[in-house]
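Contents: one structure, followed by commentary.
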Amino acid sequence: MEKNKRLLVVDDEEDICAIVQYHLTREGYAVDVALSAEEAFTHDLSRCSLIVLDVMMPGMSGFEMAAKLKSNPSTATIPIIFLTAMDTDENVVAGLKLGADDYISKPFSPSVLKARVEAVLRRSESPTPATDYVLTFQGIKIDNLQMSVSVNDINIQATRLEFELLKLLVSHVGRVFSREEILSKVWPDDTFVTDRTVDVNIARLRKKLGAYGEFIHTRVGYGYSFMP
């Protein structure tokens, strides 16, 4: 993966911005910083490959900024890593529900941060074979080339994780996947996530699919399957 990517660090603590910028710049990334969400929106986000985002900031919070990004088609696919001291289960789940790609607690290890950034970028740039690039099931259409999902010809704002998760399930109608299998197939090996992460993404995906969300069945004590 090429390292000449432009990243944006958003945190109201200048020291944190400086530390993150230093370590990621050493990895070959171009790193911009913003000391507030409001300042972040003054940047050209179309050039941004990933955002490292604090949660607790004066004015607009990181959660509010993430929601605003995900609601805008022009910024909805930008990967987000929350970097915050708010590390309770409730906050992690809230961040994942907003479409975050990862959640790192403060204080953090620079080596862990670098590994997570690289993993998220690699996942967001994973090439898709040119063959069989459109997958359909009733009113659901998954376009691998456009990395898009539509329901009854209406595009839905699916994150990259939701896209890969849905593609996995729809590609194997009727097969039951354990949470461990889903984690190994959708998330890279060097990203630390838990079974609960799968549940959060499944819940969010069901909601976005509307009536078709009922096709994703929970196999109690095991995992999930896709079947009408």
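Chain lettering (A, B, ...) mirrors the order of the structure tokens, residue numbering begins at 1 for each chain separately, and ligand numbering begins at 1 in order of display.
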Determine which residues of region 5-228 of chain A DSSP labels as alpha helix (DSSP H) from the backbone of this structure, then write them out as a ChimeraX atom specification.
/A:14-26,37-40,62-71,89-97,110-124,160-170,179-186,195-209
Against region 50-59 of chain A, which residues of region 107-196 of chain A fall within 12 Å? For each one I want the closest pair of atoms and the distance in Å (one decimal), counting only C-alpha atoms, rows by chain and increasing residue number, as a Markdown table.
```
| residue | atom | partner | partner_atom | distance |
| --- | --- | --- | --- | --- |
| A:Leu113 | CA | A:Val52 | CA | 9.6 |
| A:Lys114 | CA | A:Val52 | CA | 11.1 |
| A:Arg116 | CA | A:Val52 | CA | 10.6 |
| A:Val117 | CA | A:Leu50 | CA | 8.1 |
| A:Glu118 | CA | A:Leu50 | CA | 10.1 |
| A:Ala119 | CA | A:Leu50 | CA | 11.3 |
| A:Val120 | CA | A:Leu50 | CA | 8.4 |
| A:Leu121 | CA | A:Leu50 | CA | 7.3 |
| A:Arg122 | CA | A:Leu50 | CA | 11.1 |
| A:Arg123 | CA | A:Leu50 | CA | 11.7 |
| A:Ser124 | CA | A:Leu50 | CA | 9.5 |
| A:Glu125 | CA | A:Leu50 | CA | 11.5 |
```
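With CA of Glu64 (chain A) on one side and CA of Leu98 (chain A) on the other, the separation reads 9.2 Å.
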Contacts of Lys141 (chain A) within 8 Å, only C-alpha atoms, excl. fewer than 6 positions in-chain, as a count of residues only:
6
So which residues of region 11-160 of chain A fall under strand (DSSP E or B) by DSSP, listed as a ChimeraX atom specification?
/A:30-34,50-53,80-84,102-105,134-137,140-143,148-151,154-156
Using only C-alpha atoms: which of A:Val10, A:Ile140, A:Val92, A:Met147 has the shortest distance to Gly62 (chain A)
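When distances to Gly62 (chain A) are compared using only C-alpha atoms, the smallest one comes from A:Val10.
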Residue nearest Gly28 (chain A) among A:Asn4, A:Ser71, A:Ser46, A:Ser111 (counting only C-alpha atoms):
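Counting only C-alpha atoms, the residue closest to Gly28 (chain A) is A:Asn4.
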Identify, on the basis of only C-alpha atoms, every residue whose closest approach to region 199-202 of chain A does not exceed 8 Å; exclude the query and any residue fewer than 5 positions from it along the same chain; express the result as a PDB file with all heavy atoms, in the first residue's frame.
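Here's the written file out.pdb:
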```pdb
ATOM      1  N   VAL A  93     -19.549   1.385  21.400  1.00  0.00           N
ATOM      2  CA  VAL A  93     -20.696   0.979  20.587  1.00  0.00           C
ATOM      3  C   VAL A  93     -21.278   2.185  19.849  1.00  0.00           C
ATOM      4  O   VAL A  93     -21.625   2.105  18.667  1.00  0.00           O
ATOM      5  CB  VAL A  93     -21.774   0.308  21.456  1.00  0.00           C
ATOM      6  CG1 VAL A  93     -23.059   0.113  20.661  1.00  0.00           C
ATOM      7  CG2 VAL A  93     -21.271  -1.039  21.963  1.00  0.00           C
ATOM      8  N   LEU A  96     -19.085   2.994  16.898  1.00  0.00           N
ATOM      9  CA  LEU A  96     -19.231   2.017  15.818  1.00  0.00           C
ATOM     10  C   LEU A  96     -20.563   2.194  15.094  1.00  0.00           C
ATOM     11  O   LEU A  96     -20.644   2.030  13.879  1.00  0.00           O
ATOM     12  CB  LEU A  96     -19.112   0.596  16.376  1.00  0.00           C
ATOM     13  CG  LEU A  96     -17.728   0.209  16.923  1.00  0.00           C
ATOM     14  CD1 LEU A  96     -17.797  -1.136  17.624  1.00  0.00           C
ATOM     15  CD2 LEU A  96     -16.698   0.181  15.813  1.00  0.00           C
ATOM     16  N   LYS A  97     -21.606   2.521  15.835  1.00  0.00           N
ATOM     17  CA  LYS A  97     -22.909   2.730  15.218  1.00  0.00           C
ATOM     18  C   LYS A  97     -22.903   3.922  14.256  1.00  0.00           C
ATOM     19  O   LYS A  97     -23.685   3.962  13.301  1.00  0.00           O
ATOM     20  CB  LYS A  97     -23.982   2.940  16.290  1.00  0.00           C
ATOM     21  CG  LYS A  97     -24.427   1.663  16.982  1.00  0.00           C
ATOM     22  CD  LYS A  97     -25.549   1.935  17.965  1.00  0.00           C
ATOM     23  CE  LYS A  97     -26.061   0.641  18.575  1.00  0.00           C
ATOM     24  NZ  LYS A  97     -27.162   0.887  19.546  1.00  0.00           N
ATOM     25  N   LEU A 161     -17.131  -1.445   5.999  1.00  0.00           N
ATOM     26  CA  LEU A 161     -17.340  -2.657   6.771  1.00  0.00           C
ATOM     27  C   LEU A 161     -18.717  -3.246   6.504  1.00  0.00           C
ATOM     28  O   LEU A 161     -18.865  -4.466   6.352  1.00  0.00           O
ATOM     29  CB  LEU A 161     -17.168  -2.371   8.263  1.00  0.00           C
ATOM     30  CG  LEU A 161     -15.740  -2.147   8.749  1.00  0.00           C
ATOM     31  CD1 LEU A 161     -15.742  -1.740  10.212  1.00  0.00           C
ATOM     32  CD2 LEU A 161     -14.910  -3.414   8.566  1.00  0.00           C
ATOM     33  N   GLU A 162     -19.729  -2.388   6.460  1.00  0.00           N
ATOM     34  CA  GLU A 162     -21.084  -2.866   6.180  1.00  0.00           C
ATOM     35  C   GLU A 162     -21.163  -3.452   4.782  1.00  0.00           C
ATOM     36  O   GLU A 162     -21.826  -4.478   4.563  1.00  0.00           O
ATOM     37  CB  GLU A 162     -22.078  -1.711   6.334  1.00  0.00           C
ATOM     38  CG  GLU A 162     -22.230  -1.229   7.754  1.00  0.00           C
ATOM     39  CD  GLU A 162     -22.902   0.129   7.851  1.00  0.00           C
ATOM     40  OE1 GLU A 162     -23.203   0.741   6.802  1.00  0.00           O
ATOM     41  OE2 GLU A 162     -23.120   0.587   8.985  1.00  0.00           O
TER      42      GLU A 162
END
```
Mind giving me the straight-line distance from CA of Arg160 (chain A) to CA of Met227 (chain A) in Å, one decimal?
21.9 Å
Any idea what's packed within 9 Å of Leu35 (chain A), counting only C-alpha atoms, ignoring anything in its chain fewer than 5 positions away? Could you give it as a list of chain:residue names?
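My list of contacting residues is A:Val9, A:Val10, A:Asp11, A:Asp12, A:Glu13, A:Glu14, A:Cys17, A:Ala40, A:Met57.
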Pairwise distance for CA of Arg219 (chain A) and CA of Glu164 (chain A), rounded to one decimal in Å:
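Atom-to-atom, CA of Arg219 (chain A) to CA of Glu164 (chain A), that is 19.7 Å.
Proximity ranking of A:Leu165, A:Pro228, A:Val198, A:Trp187 relative to Gln138 (chain A) places A:Pro228 first, based on only C-alpha atoms.
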Find the spatial neighbours of Gln21 (chain A), counting only C-alpha atoms, within a cut-off of 10 Å - ignore same-chain residues fewer than 4 positions away - and output them as a list in words.
Leu7, Leu8, Val9, Asp15, Ile16, Cys17, Thr25, Arg26, Glu27, Tyr29, Ala30, Val31, Asp32 and Val33 of chain A
With distances taken over only C-alpha atoms, which residue among A:Pro73, A:Pro110, A:Gly139, A:Gly221 lies nearest Val170 (chain A)?
A:Gly139
I'd like the contact shell of Thr77 (chain A) - 9 Å cut-off, only C-alpha atoms, skipping same-chain residues fewer than 6 positions apart - returned as a CSV table (one decimal) with all heavy atoms, in the first residue's frame.
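Contents of the output file part-v1.csv:
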```
chain,number,residue,atom,x,y,z
A,69,LEU,N,-20.4,13.8,8.7
A,69,LEU,CA,-19.6,13.2,7.6
A,69,LEU,C,-20.3,12.1,6.9
A,69,LEU,O,-20.4,12.0,5.7
A,69,LEU,CB,-18.2,12.7,8.1
A,69,LEU,CG,-17.2,13.8,8.5
A,69,LEU,CD1,-16.0,13.1,9.3
A,69,LEU,CD2,-16.7,14.6,7.3
A,70,LYS,N,-20.9,11.2,7.7
A,70,LYS,CA,-21.5,10.0,7.2
A,70,LYS,C,-22.9,10.3,6.5
A,70,LYS,O,-23.3,9.5,5.7
A,70,LYS,CB,-21.8,9.0,8.3
A,70,LYS,CG,-20.5,8.4,8.9
A,70,LYS,CD,-19.6,7.7,7.8
A,70,LYS,CE,-18.4,7.2,8.4
A,70,LYS,NZ,-17.5,6.6,7.4
A,124,SER,N,-9.7,-0.3,3.2
A,124,SER,CA,-10.5,0.6,2.4
A,124,SER,C,-10.1,0.6,1.0
A,124,SER,O,-10.8,1.0,0.1
A,124,SER,CB,-10.4,2.0,2.9
A,124,SER,OG,-9.1,2.6,2.7
A,157,GLN,N,-26.3,4.5,2.3
A,157,GLN,CA,-24.9,5.0,2.7
A,157,GLN,C,-24.3,3.9,3.6
A,157,GLN,O,-24.4,3.9,4.8
A,157,GLN,CB,-25.0,6.3,3.4
A,157,GLN,CG,-25.5,7.4,2.6
A,157,GLN,CD,-24.6,7.7,1.4
A,157,GLN,OE1,-23.3,7.5,1.5
A,157,GLN,NE2,-25.2,8.0,0.2
A,158,ALA,N,-23.8,2.8,2.9
A,158,ALA,CA,-23.1,1.8,3.7
A,158,ALA,C,-21.6,2.1,3.9
A,158,ALA,O,-21.0,2.5,2.9
A,158,ALA,CB,-23.3,0.4,2.9
A,159,THR,N,-21.1,1.8,5.1
A,159,THR,CA,-19.7,2.0,5.3
A,159,THR,C,-19.0,0.8,4.6
A,159,THR,O,-19.6,-0.2,4.2
A,159,THR,CB,-19.4,2.0,6.8
A,159,THR,OG1,-19.7,0.7,7.3
A,159,THR,CG2,-20.2,3.0,7.5
A,160,ARG,N,-17.7,0.9,4.6
A,160,ARG,CA,-16.9,-0.2,3.9
A,160,ARG,C,-17.1,-1.5,4.7
A,160,ARG,O,-17.2,-2.6,4.1
A,160,ARG,CB,-15.4,0.2,3.9
A,160,ARG,CG,-15.1,1.3,2.9
A,160,ARG,CD,-13.6,1.5,2.8
A,160,ARG,NE,-13.3,2.5,1.8
A,160,ARG,CZ,-13.3,3.8,2.0
A,160,ARG,NH1,-13.6,4.3,3.2
A,160,ARG,NH2,-13.0,4.6,1.0
```
